[in-house]
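Chemist: My structure file data-v3.tsv, TSV, C-alpha atoms and all ligand atoms, is below:
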chain	number	residue	atom	x	y	z
A	12	MET	CA	58.95	59.61	127.13
A	13	ASN	CA	62.02	60.56	125.16
A	14	THR	CA	64.72	62.51	126.92
A	15	ARG	CA	64.08	65.70	125.01
A	16	ARG	CA	60.40	65.73	125.99
A	17	LYS	CA	61.28	64.89	129.55
A	18	PHE	CA	63.76	67.73	129.57
A	19	LEU	CA	61.22	70.19	128.17
A	20	GLN	CA	58.56	69.17	130.63
A	21	HIS	CA	60.95	69.32	133.51
A	22	THR	CA	62.15	72.74	132.44
A	23	LEU	CA	58.60	74.02	131.94
A	24	TRP	CA	57.39	73.10	135.40
A	25	GLY	CA	60.70	73.98	137.00
A	26	GLY	CA	60.64	77.35	135.28
A	27	LEU	CA	57.06	78.06	136.26
A	28	ALA	CA	57.68	77.07	139.84
A	29	ALA	CA	60.62	79.41	139.98
A	30	GLY	CA	58.46	82.11	138.39
A	31	SER	CA	60.99	82.61	135.61
A	32	ALA	CA	58.48	84.33	133.36
A	33	SER	CA	61.04	86.31	131.47
A	34	PHE	CA	62.62	83.13	130.10
A	35	TRP	CA	59.21	81.86	129.00
A	36	GLU	CA	58.28	85.22	127.60
A	37	ARG	CA	61.12	84.74	125.17
A	38	ILE	CA	60.16	81.27	124.01
A	39	VAL	CA	56.39	80.93	124.52
A	40	PRO	CA	54.53	83.04	121.95
A	41	ASN	CA	51.43	83.41	124.09
A	42	ILE	CA	52.81	83.93	127.56
A	43	ASP	CA	49.46	85.50	128.45
A	44	LEU	CA	48.02	82.04	129.06
A	45	LEU	CA	50.49	81.50	131.86
A	46	ASN	CA	49.33	84.65	133.61
A	47	ALA	CA	45.62	84.14	133.03
A	48	ASP	CA	44.68	84.16	136.72
A	49	VAL	CA	45.59	87.83	137.21
A	50	LEU	CA	42.83	88.90	134.82
A	51	PRO	CA	40.61	90.78	134.87
A	52	VAL	CA	41.97	93.72	136.80
A	53	VAL	CA	40.94	97.31	137.40
A	54	ILE	CA	42.85	100.08	139.12
A	55	ALA	CA	41.59	103.51	140.17
A	56	THR	CA	43.04	106.58	141.81
A	57	TRP	CA	42.11	107.29	145.45
A	58	GLY	CA	40.89	105.02	148.21
A	59	PRO	CA	37.29	106.28	148.37
A	60	ASN	CA	36.71	104.90	144.88
A	61	THR	CA	36.05	101.29	145.96
A	62	LYS	CA	32.42	101.50	144.83
A	63	ALA	CA	33.61	102.58	141.42
A	64	THR	CA	36.03	99.65	141.09
A	65	ALA	CA	33.24	97.35	142.31
A	66	ALA	CA	30.97	98.61	139.52
A	67	ALA	CA	33.76	98.03	137.02
A	68	TRP	CA	34.42	94.57	138.44
A	69	GLU	CA	30.76	93.71	138.02
A	70	VAL	CA	31.25	94.12	134.27
A	71	LEU	CA	34.70	92.54	134.12
A	72	SER	CA	33.94	89.46	136.19
A	73	LYS	CA	31.14	88.54	133.81
A	74	GLY	CA	33.54	88.66	130.89
A	75	GLY	CA	32.47	92.17	129.84
A	76	ARG	CA	34.47	94.71	127.92
A	77	ALA	CA	37.02	96.91	129.69
A	78	LEU	CA	35.48	99.98	128.07
A	79	ASP	CA	32.07	99.26	129.60
A	80	ALA	CA	33.76	98.58	132.93
A	81	VAL	CA	35.60	101.90	133.15
A	82	GLU	CA	32.53	103.83	132.07
A	83	ALA	CA	30.38	102.07	134.68
A	84	GLY	CA	33.06	102.71	137.29
A	85	ALA	CA	33.50	106.39	136.51
A	86	ARG	CA	29.74	106.98	136.65
A	87	VAL	CA	29.67	106.03	140.34
A	88	PRO	CA	31.48	109.09	141.76
A	89	GLU	CA	29.94	111.25	139.04
A	90	ALA	CA	26.50	110.58	140.51
A	91	ASP	CA	27.61	110.78	144.14
A	92	PRO	CA	26.72	114.14	145.76
A	93	GLU	CA	29.19	113.40	148.57
A	94	ASP	CA	32.12	113.28	146.19
A	95	SER	CA	33.20	116.88	145.92
A	96	SER	CA	35.64	116.48	143.05
A	97	VAL	CA	33.66	114.62	140.43
A	98	GLY	CA	30.35	115.25	138.66
A	99	TYR	CA	27.30	116.04	140.79
A	100	GLY	CA	28.45	117.59	144.07
A	101	GLY	CA	31.77	118.67	142.56
A	102	LEU	CA	33.12	121.93	143.95
A	103	PRO	CA	32.59	124.84	141.59
A	104	ASP	CA	35.02	127.29	140.05
A	105	ARG	CA	35.60	130.65	141.73
A	106	ASP	CA	32.45	132.04	140.09
A	107	GLY	CA	30.25	129.25	141.39
A	108	ASN	CA	29.99	127.15	138.20
A	109	VAL	CA	30.49	123.40	138.27
A	110	THR	CA	32.53	122.66	135.15
A	111	LEU	CA	33.48	119.11	134.32
A	112	ASP	CA	36.26	117.36	132.41
A	113	ALA	CA	36.41	113.71	131.33
A	114	CYS	CA	38.01	111.38	128.83
A	115	ILE	CA	37.83	107.76	127.80
A	116	MET	CA	39.85	105.41	125.56
A	117	ASP	CA	39.17	101.94	124.22
A	118	GLU	CA	41.30	98.99	123.16
A	119	PHE	CA	41.46	100.18	119.56
A	120	GLY	CA	43.08	103.48	120.51
A	121	ASN	CA	39.82	105.38	119.99
A	122	ALA	CA	39.44	108.33	122.31
A	123	GLY	CA	36.70	110.70	123.40
A	124	SER	CA	36.78	113.70	125.66
A	125	VAL	CA	34.76	116.61	126.97
A	126	ASN	CA	36.00	119.60	128.86
A	127	PHE	CA	34.50	122.65	130.49
A	128	LEU	CA	31.15	120.88	130.32
A	129	GLN	CA	28.37	122.19	132.56
A	130	HIS	CA	25.01	120.82	133.76
A	131	ILE	CA	25.55	117.19	132.75
A	132	MET	CA	26.00	114.64	135.50
A	133	HIS	CA	27.87	112.03	133.48
A	134	PRO	CA	30.61	113.63	131.40
A	135	ILE	CA	32.31	110.23	131.00
A	136	SER	CA	29.32	108.96	129.03
A	137	VAL	CA	29.27	112.11	126.91
A	138	ALA	CA	32.99	111.55	126.24
A	139	ARG	CA	32.17	108.01	125.12
A	140	ARG	CA	29.52	109.33	122.74
A	141	VAL	CA	32.02	111.82	121.33
A	142	MET	CA	34.32	108.86	120.69
A	143	GLU	CA	31.68	106.63	119.20
A	144	LYS	CA	29.34	109.00	117.43
A	145	THR	CA	31.45	111.85	116.11
A	146	PRO	CA	34.57	112.02	113.95
A	147	HIS	CA	36.22	114.07	116.73
A	148	VAL	CA	38.09	113.37	119.92
A	149	MET	CA	37.23	116.39	122.03
A	150	LEU	CA	34.26	118.68	122.49
A	151	SER	CA	34.38	121.69	124.74
A	152	GLY	CA	32.05	123.96	126.73
A	153	GLU	CA	28.87	125.06	125.03
A	154	GLY	CA	29.42	122.72	122.07
A	155	ALA	CA	29.88	119.75	124.37
A	156	LEU	CA	26.70	120.68	126.21
A	157	GLN	CA	24.74	121.01	122.97
A	158	PHE	CA	25.99	117.62	121.84
A	159	ALA	CA	25.08	116.04	125.18
A	160	LEU	CA	21.55	117.44	125.03
A	161	GLN	CA	21.20	116.26	121.46
A	162	GLU	CA	22.23	112.80	122.66
A	163	GLY	CA	19.47	112.83	125.25
A	164	PHE	CA	21.45	113.68	128.39
A	165	LYS	CA	19.49	115.67	130.96
A	166	LYS	CA	20.41	119.26	131.85
A	167	GLU	CA	20.63	119.56	135.64
A	168	ASN	CA	21.91	121.75	138.40
A	169	LEU	CA	25.05	120.04	139.69
A	170	LEU	CA	25.84	122.50	142.49
A	171	THR	CA	24.74	120.84	145.72
A	172	ASP	CA	24.00	122.80	148.89
A	173	SER	CA	27.18	121.65	150.54
A	174	ALA	CA	29.30	122.54	147.51
A	175	ARG	CA	27.64	125.97	147.47
A	176	GLN	CA	28.38	126.43	151.17
A	177	ALA	CA	32.02	125.44	150.67
A	178	TRP	CA	32.26	127.98	147.88
A	179	GLU	CA	30.64	130.71	150.02
A	180	ALA	CA	33.15	129.94	152.76
A	181	TRP	CA	36.03	130.01	150.31
A	182	LYS	CA	34.92	133.40	148.95
A	183	VAL	CA	35.56	135.04	152.32
A	184	LYS	CA	39.30	134.89	151.68
A	185	SER	CA	39.25	133.91	147.99
A	186	GLU	CA	42.64	132.34	148.42
A	187	TYR	CA	43.74	130.18	145.54
A	188	LYS	CA	46.08	127.70	147.07
A	189	PRO	CA	45.80	123.96	146.51
A	190	VAL	CA	46.70	121.94	149.60
A	191	ILE	CA	48.42	118.60	149.16
A	192	ASN	CA	45.95	115.70	149.27
A	193	ILE	CA	43.21	118.02	150.54
A	194	GLU	CA	42.77	119.69	147.22
A	195	ARG	CA	39.55	117.73	146.97
A	196	HIS	CA	41.65	115.42	144.89
A	197	ASP	CA	39.31	112.54	144.39
A	198	THR	CA	39.39	112.73	140.64
A	199	ILE	CA	38.90	109.25	139.37
A	200	GLY	CA	41.35	107.90	136.84
A	201	MET	CA	40.72	104.27	136.05
A	202	VAL	CA	42.32	101.61	133.86
A	203	ALA	CA	40.89	98.13	133.30
A	204	LEU	CA	42.09	94.99	131.57
A	205	ASP	CA	39.35	92.52	130.81
A	206	LYS	CA	39.38	88.72	130.48
A	207	GLN	CA	40.07	89.02	126.78
A	208	ARG	CA	43.02	91.25	127.60
A	209	ARG	CA	41.36	94.35	126.16
A	210	ILE	CA	42.43	97.53	127.88
A	211	ALA	CA	40.47	100.74	128.44
A	212	GLY	CA	40.77	103.85	130.57
A	213	ALA	CA	38.61	106.67	131.89
A	214	CYS	CA	39.17	109.83	133.85
A	215	THR	CA	36.55	112.26	135.19
A	216	THR	CA	36.67	115.29	137.46
A	217	SER	CA	35.26	118.66	138.39
A	218	GLY	CA	38.88	119.82	138.41
A	219	LEU	CA	40.56	121.93	141.01
A	220	ALA	CA	38.18	123.49	143.48
A	221	PHE	CA	37.62	127.21	142.98
A	222	LYS	CA	39.69	127.28	139.80
A	223	MET	CA	39.50	130.20	137.37
A	224	HIS	CA	36.43	130.11	135.19
A	225	GLY	CA	37.39	128.29	131.99
A	226	ARG	CA	40.36	126.48	133.49
A	227	VAL	CA	40.80	122.96	132.15
A	228	GLY	CA	43.19	120.52	133.76
A	229	ASP	CA	44.87	117.33	132.68
A	230	SER	CA	41.94	114.98	133.20
A	231	PRO	CA	40.24	115.33	129.79
A	232	ILE	CA	43.49	115.48	127.86
A	233	ILE	CA	44.37	112.21	126.19
A	234	GLY	CA	47.94	111.39	127.20
A	235	ALA	CA	47.91	113.68	130.22
A	236	GLY	CA	45.10	112.58	132.55
A	237	MET	CA	44.85	109.14	131.00
A	238	PHE	CA	46.28	107.06	128.20
A	239	VAL	CA	46.00	103.45	127.12
A	240	ASP	CA	47.61	101.45	124.37
A	241	ASN	CA	46.31	97.96	123.90
A	242	GLU	CA	49.78	96.67	123.00
A	243	VAL	CA	51.26	97.92	126.24
A	244	GLY	CA	48.99	98.97	129.10
A	245	GLY	CA	47.42	102.10	130.50
A	246	ALA	CA	47.88	104.87	133.03
A	247	ALA	CA	45.88	107.61	134.73
A	248	ALA	CA	46.80	110.65	136.75
A	249	THR	CA	45.45	112.72	139.58
A	250	GLY	CA	46.63	115.82	141.36
A	251	LEU	CA	47.63	119.24	140.18
A	252	GLY	CA	46.73	119.01	136.51
A	253	GLU	CA	49.10	121.76	135.43
A	254	LEU	CA	52.06	119.55	136.36
A	255	VAL	CA	50.63	116.57	134.54
A	256	LEU	CA	49.81	118.62	131.45
A	257	ARG	CA	53.34	119.96	131.21
A	258	THR	CA	54.79	116.47	131.14
A	259	LEU	CA	52.01	114.48	129.41
A	260	GLY	CA	52.32	112.15	132.36
A	261	SER	CA	50.07	109.23	131.42
A	262	PHE	CA	51.55	109.01	127.94
A	263	LEU	CA	55.00	108.99	129.46
A	264	VAL	CA	54.06	106.11	131.77
A	265	VAL	CA	52.74	104.04	128.86
A	266	GLU	CA	55.79	104.76	126.75
A	267	GLU	CA	58.05	103.68	129.61
A	268	MET	CA	56.13	100.40	129.81
A	269	ARG	CA	56.45	100.04	126.05
A	270	ARG	CA	60.20	100.18	126.52
A	271	GLY	CA	59.93	97.29	128.92
A	272	ALA	CA	59.54	99.00	132.29
A	273	HIS	CA	57.41	97.39	134.97
A	274	PRO	CA	54.35	99.61	135.68
A	275	GLN	CA	55.82	100.54	139.06
A	276	LYS	CA	59.07	101.73	137.50
A	277	ALA	CA	57.10	103.55	134.80
A	278	VAL	CA	54.99	105.59	137.24
A	279	GLU	CA	58.10	106.42	139.26
A	280	THR	CA	59.78	107.73	136.13
A	281	ALA	CA	56.82	110.03	135.41
A	282	VAL	CA	56.77	111.41	138.96
A	283	LYS	CA	60.53	111.94	138.92
A	284	ARG	CA	60.27	113.73	135.58
A	285	ILE	CA	57.76	116.17	137.08
A	286	ALA	CA	59.92	116.69	140.15
A	287	ARG	CA	63.02	117.33	138.06
A	288	LYS	CA	61.38	119.68	135.57
A	289	HIS	CA	59.27	121.59	138.05
A	290	ALA	CA	61.25	121.42	141.25
A	291	SER	CA	59.95	124.73	142.58
A	292	LEU	CA	56.31	123.66	142.23
A	293	VAL	CA	56.34	120.11	143.56
A	294	LYS	CA	56.98	121.15	147.14
A	295	ASP	CA	53.38	122.31	147.45
A	296	ALA	CA	51.61	120.08	144.97
A	297	GLN	CA	50.60	116.47	144.73
A	298	VAL	CA	50.51	114.33	141.59
A	299	GLY	CA	49.85	110.60	141.58
A	300	PHE	CA	49.75	107.98	138.84
A	301	VAL	CA	48.30	104.50	138.58
A	302	ALA	CA	49.12	102.06	135.80
A	303	ILE	CA	48.60	98.51	134.68
A	304	ASP	CA	50.31	96.63	131.91
A	305	LYS	CA	49.02	93.95	129.56
A	306	LYS	CA	50.14	91.24	131.96
A	307	GLY	CA	47.89	92.64	134.68
A	308	ARG	CA	50.80	93.96	136.75
A	309	HIS	CA	50.29	97.35	138.35
A	310	GLY	CA	52.08	100.37	139.73
A	311	ALA	CA	51.22	103.53	141.68
A	312	PHE	CA	53.38	106.41	142.85
A	313	SER	CA	53.05	110.04	143.88
A	314	ILE	CA	55.14	113.07	144.72
A	315	HIS	CA	54.03	113.28	148.36
A	316	LYS	CA	52.85	110.83	150.94
A	317	GLY	CA	49.11	110.33	151.15
A	318	PHE	CA	48.14	109.09	147.71
A	319	ASN	CA	46.21	105.85	147.77
A	320	TYR	CA	44.46	103.82	145.11
A	321	VAL	CA	42.14	100.90	144.64
A	322	LEU	CA	43.05	97.64	142.96
A	323	TYR	CA	40.38	95.05	142.18
A	324	GLN	CA	42.04	91.80	141.15
A	325	GLN	CA	41.48	88.11	141.82
A	326	GLY	CA	38.13	88.93	143.43
A	327	GLU	CA	39.57	91.33	146.00
A	328	ASN	CA	38.82	95.05	146.12
A	329	LYS	CA	41.78	96.54	147.97
A	330	VAL	CA	42.77	100.06	148.96
A	331	MET	CA	46.54	100.39	148.80
A	332	GLU	CA	48.99	103.13	149.78
A	333	ALA	CA	51.17	104.31	146.92
A	334	GLY	CA	54.87	104.91	147.32
A	335	HIS	CA	56.03	108.52	147.17
A	336	LEU	CA	59.06	110.47	146.08
A	337	LEU	CA	59.60	113.20	148.64
A	338	ARG	CA	60.37	112.42	152.25
A	339	GLY	CA	59.24	114.51	155.17
B	401	LIG	C1	42.80	118.68	137.67
B	401	LIG	N1	43.89	116.58	137.95
B	401	LIG	O1	41.79	119.22	137.23
B	401	LIG	C2	42.69	117.30	138.24
B	401	LIG	C3	42.37	117.41	139.68
B	401	LIG	C4	42.46	116.15	140.43
B	401	LIG	O2	41.85	114.92	142.22
B	401	LIG	O3	43.10	115.19	140.09
B	401	LIG	N2	41.81	116.06	141.51
B	401	LIG	O4	43.89	119.24	137.70
I need this file expressed as structure tokens, please.
Ligand code: SD4
Modeler:
Amino acid sequence: MNTRRKFLQHTLWGGLAAGSASFWERIVPNIDLLNADVLPVVIATWGPNTKATAAAWEVLSKGGRALDAVEAGARVPEADPEDSSVGYGGLPDRDGNVTLDACIMDEFGNAGSVNFLQHIMHPISVARRVMEKTPHVMLSGEGALQFALQEGFKKENLLTDSARQAWEAWKVKSEYKPVINIERHDTIGMVALDKQRRIAGACTTSGLAFKMHGRVGDSPIIGAGMFVDNEVGGAAATGLGELVLRTLGSFLVVEEMRRGAHPQKAVETAVKRIARKHASLVKDAQVGFVAIDKKGRHGAFSIHKGFNYVLYQQGENKVMEAGHLLRG
């Protein structure tokens, strides 16, 4: 072996052993091959969503498309009557109506969304149809319902007995005050990167419990509740939607990653931005972000302690505690 080849080989293995990916990123055009074992990966907001990540993993592990994975994942809490913040069983608005918000994005940058949708158990699938079957991105309220029915979705009563009872109990005081981490914040925001390194994201929720009739949060807003860019990575948000809307949080996270930030740094930047711009509100409100980049690295961060998330990677479905900004 000539000296040059020996040198290259030595450097390659030496570099890999030392994990000096940034050096190789500069000289190897397809660095992705070196990181292949971290794929596929899926991340979702909130610990209880392990069944959702498992459903997504089912698709991903067989080589399926990230878009199919996030849709399959989001449908799990949507159909779960025990989950009081998503789909069927979601807590209603202050007038007793279950109104749902959802959005989805694929690896081509296509996006679909529904908001203020009633009577349909799987808003995420309606959002996907909006993306795939209409020239639009977002359908709202009555129009979204009409479209869903036209597409063959079933009209159902989504208010479960326990959600009705919770609403009746709430009406006694009718106090509108979200409580950190107990705001029935199990909204699922999910981002997946499949074996072919295609990225997709989904977000679905019944929104804040006992919200004003007609209130729409961040979850169905592309760039707020969720955003993906196949060149960069993706992010999703949970928590008090008003804070995420005002800062277009998920878009911000992706743009930070585009500028080279690690997903963890990127989510921290978004949380800090919210805290800086809305200092008087963050004391009593939670917001959390999850993100993954195209290399399969991830990040998660929130304003307050108590935000957890699920990461399914390398065959392991793990609930992890996110870091948080405010102490005490
Ligand atoms: C909203 N962001 O409607 C949603 C609520 C949420 O977990 O995340 N709940 O504001």
Chemist: Using all atoms listed in the file for the distances, tell me which of A:Val81, A:Asp295, A:Asp106, A:Ala333 is nearest to Gly310 of chain A.
Modeler: A:Ala333
Chemist: How close does each residue of segment 129-230 of chain A get to segment 241-257 of chain A, giving the shortest atom pair and distance in Å to one decimal for every residue with an atom at most 6 Å away, counting only C-alpha atoms, sorted by chain and residue number, as CSV?
Modeler:
residue,atom,partner,partner_atom,distance
A:Gly200,CA,A:Ala247,CA,5.0
A:Ile210,CA,A:Asn241,CA,5.6
A:Gly228,CA,A:Gly252,CA,4.7
A:Asp229,CA,A:Gly252,CA,4.6
Chemist: Would you output that residue set with C-alpha atoms, as a compact mmCIF listing (two decimals), in the frame of the given file?
Modeler:
# COMPACT_ATOMS: atom_id res chain seq x y z
CA GLY A 200 41.35 107.90 136.84
CA ILE A 210 42.43 97.53 127.88
CA GLY A 228 43.19 120.52 133.76
CA ASP A 229 44.87 117.33 132.68
Chemist: Show me a table, sorted first by chain and then by increasing residue number, of the residues of chain A having an atom at most 10 Å from ligand LIG 401 (chain B), each with its shortest atom pair and the distance in Å to one decimal, counting only C-alpha atoms and all ligand atoms and written as CSV.
Modeler:
residue,atom,partner,partner_atom,distance
A:Thr56,CA,B:LIG401,O2,8.4
A:Trp57,CA,B:LIG401,O2,8.3
A:Ser95,CA,B:LIG401,O2,9.6
A:Ser96,CA,B:LIG401,N2,6.4
A:Val97,CA,B:LIG401,N2,8.3
A:Leu111,CA,B:LIG401,O1,8.8
A:Asp112,CA,B:LIG401,O1,7.6
A:Ala113,CA,B:LIG401,O1,9.7
A:Asn192,CA,B:LIG401,O2,8.2
A:Ile193,CA,B:LIG401,O2,9.0
A:Glu194,CA,B:LIG401,N2,6.8
A:Arg195,CA,B:LIG401,O2,6.0
A:His196,CA,B:LIG401,O2,2.7
A:Asp197,CA,B:LIG401,O2,4.1
A:Thr198,CA,B:LIG401,O2,3.7
A:Ile199,CA,B:LIG401,O2,7.0
A:Gly200,CA,B:LIG401,O3,8.2
A:Cys214,CA,B:LIG401,O3,9.1
A:Thr215,CA,B:LIG401,C2,8.5
A:Thr216,CA,B:LIG401,C2,6.4
A:Ser217,CA,B:LIG401,O1,6.7
A:Gly218,CA,B:LIG401,O1,3.2
A:Leu219,CA,B:LIG401,O1,4.8
A:Ala220,CA,B:LIG401,C3,8.3
A:Lys222,CA,B:LIG401,O1,8.7
A:Arg226,CA,B:LIG401,O1,8.3
A:Val227,CA,B:LIG401,O1,6.4
A:Gly228,CA,B:LIG401,O1,4.0
A:Asp229,CA,B:LIG401,N1,5.4
A:Ser230,CA,B:LIG401,N1,5.4
A:Pro231,CA,B:LIG401,O1,8.5
A:Ala235,CA,B:LIG401,N1,9.2
A:Gly236,CA,B:LIG401,N1,6.8
A:Ala247,CA,B:LIG401,O3,9.7
A:Ala248,CA,B:LIG401,N1,6.7
A:Thr249,CA,B:LIG401,O3,3.4
A:Gly250,CA,B:LIG401,O3,3.8
A:Leu251,CA,B:LIG401,O4,4.5
A:Gly252,CA,B:LIG401,O4,3.1
A:Glu253,CA,B:LIG401,O4,6.2
A:Leu254,CA,B:LIG401,O4,8.3
A:Val255,CA,B:LIG401,N1,7.6
A:Leu256,CA,B:LIG401,O4,8.6
A:Gln297,CA,B:LIG401,O3,8.9
A:Val298,CA,B:LIG401,O3,7.6
A:Gly299,CA,B:LIG401,O3,8.3
A:Phe300,CA,B:LIG401,O3,9.9
Chemist: At a cut-off of 9 Å, using only C-alpha atoms, what residues contact segment 176-178 of chain A? Leave out same-chain residues fewer than 6 positions from it and give the result as a ChimeraX atom specification.
Modeler: /A:102-107,220-221
Chemist: Of the candidates A:Phe127, A:Ile314, A:His147, A:Gly326, which one gets nearest to Ala290 of chain A if we count all atoms listed in the file?
Modeler: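 Of A:Phe127, A:Ile314, A:His147, A:Gly326, the one nearest Ala290 of chain A is A:Ile314, counting all atoms listed in the file.
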